[in-house]
Structures are given as C-alpha cells and as structure tokens.
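Below is one structure, written out as structure tokens, with a few remarks after it.
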Amino acid sequence: MNDLRPPGDTDTKLRVRVWFGDHPIADYTAAPEAAQRYAESMGRRFASCRVSCVPIRPTPR
C-alpha cells in the first residue's frame with residue numbers, strides 16, 4: 001500500500017474505512033504506520049469490500 005502522506009507533513013493522520021456498497025462498516029483513524037497496517041489487514045479480511053485510506057488533518061485551534 002502506498003504512503004498517502006504529503007511530503008514533510010508529520011501531523012497527518014489517516015482515516016481508514018471498509019465499505020460494504022455505499023455503507024461504511026468499519027472506521028479507524030490512526031498515525032500513518034498503524035493505519036496502513038490496519039488497511040492492509042482489513043483488505044485481506046474483507047477481500048470483496050472496498051477499503052479507503054485518506055489523510056485527515058487536525059482541526060486548527
């Protein structure tokens with residue numbers, strides 16, 4: 001799986017979702033390394049479902 005972080009961005013977390021059609025059945029947010037492992041694991045576990053992995057940024061304070 002590719003690393004989806006923008007270059008030099010260390011605060012980015014990734015949101016991983018497992019989709020059954022149009023419905024998310026799992027939702028997980030973590031640091032990039034953990035999120036990548038989770039996405040790969042869910043891809044194996046739910047081989048017929050789509051797994052998305054998108055970067056999210058913390059909200060400004």
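Order determines the names: the first chain of the structure tokens is A, the second B, and so forth; residues in each chain are numbered 1 upward, and ligands are numbered 1 upward as they are shown.
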
Practice problem: Please report, as JSON, numbers by chain, each residue of chain A to which DSSP assigns strand (DSSP E or B) when run on this structure's backbone. | Solution: {"A": [13, 14, 15, 16, 17, 18, 19, 20, 23, 24, 25, 26, 27, 28, 29, 30, 50, 51, 52, 53, 54, 55, 56]}

Can I get the selection written as a PDB file, in the first residue's frame, with C-alpha atoms?
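Result written to out_21.pdb:
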```pdb
ATOM      1  CA  LYS A  13      -3.428  11.018  10.436  1.00  0.00           C
ATOM      2  CA  LEU A  14      -5.099   8.589   8.086  1.00  0.00           C
ATOM      3  CA  ARG A  15      -8.742   7.566   8.154  1.00  0.00           C
ATOM      4  CA  VAL A  16      -9.373   4.020   7.035  1.00  0.00           C
ATOM      5  CA  ARG A  17     -12.848   2.853   6.120  1.00  0.00           C
ATOM      6  CA  VAL A  18     -14.136  -0.506   4.976  1.00  0.00           C
ATOM      7  CA  TRP A  19     -17.139  -0.158   2.679  1.00  0.00           C
ATOM      8  CA  PHE A  20     -19.976  -2.571   2.001  1.00  0.00           C
ATOM      9  CA  HIS A  23     -22.152   1.871   3.723  1.00  0.00           C
ATOM     10  CA  PRO A  24     -19.026   2.079   5.898  1.00  0.00           C
ATOM     11  CA  ILE A  25     -18.829  -0.985   8.136  1.00  0.00           C
ATOM     12  CA  ALA A  26     -15.548  -0.044   9.835  1.00  0.00           C
ATOM     13  CA  ASP A  27     -13.949   3.322  10.521  1.00  0.00           C
ATOM     14  CA  TYR A  28     -10.457   3.762  12.005  1.00  0.00           C
ATOM     15  CA  THR A  29      -8.207   6.807  12.423  1.00  0.00           C
ATOM     16  CA  ALA A  30      -4.542   6.492  13.381  1.00  0.00           C
ATOM     17  CA  ARG A  50     -13.551  -1.587  -0.778  1.00  0.00           C
ATOM     18  CA  VAL A  51     -11.022  -0.180   1.697  1.00  0.00           C
ATOM     19  CA  SER A  52     -10.277   3.547   1.577  1.00  0.00           C
ATOM     20  CA  CYS A  53      -7.364   5.269   3.275  1.00  0.00           C
ATOM     21  CA  VAL A  54      -7.410   9.078   3.205  1.00  0.00           C
ATOM     22  CA  PRO A  55      -5.349  11.679   5.040  1.00  0.00           C
ATOM     23  CA  ILE A  56      -7.067  13.927   7.562  1.00  0.00           C
TER      24      ILE A  56
END
```

Quiz prompt | Distance criterion (only C-alpha atoms): nearest to A:Cys49 out of A:Arg61, A:Gln36, A:Ala31, A:Asp22 | solution = A:Asp22

Exercise. Would you work out the distance separating atom CA of A:Pro58 from atom CA of A:Glu33, expressed in Å to one decimal?
Key: 17.1 Å

Quiz prompt | Atom pair atom CA of A:Arg57 / atom CA of A:Arg37: separation (Å) | solution =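 Between atom CA of A:Arg57 and atom CA of A:Arg37 the gap is 19.4 Å.
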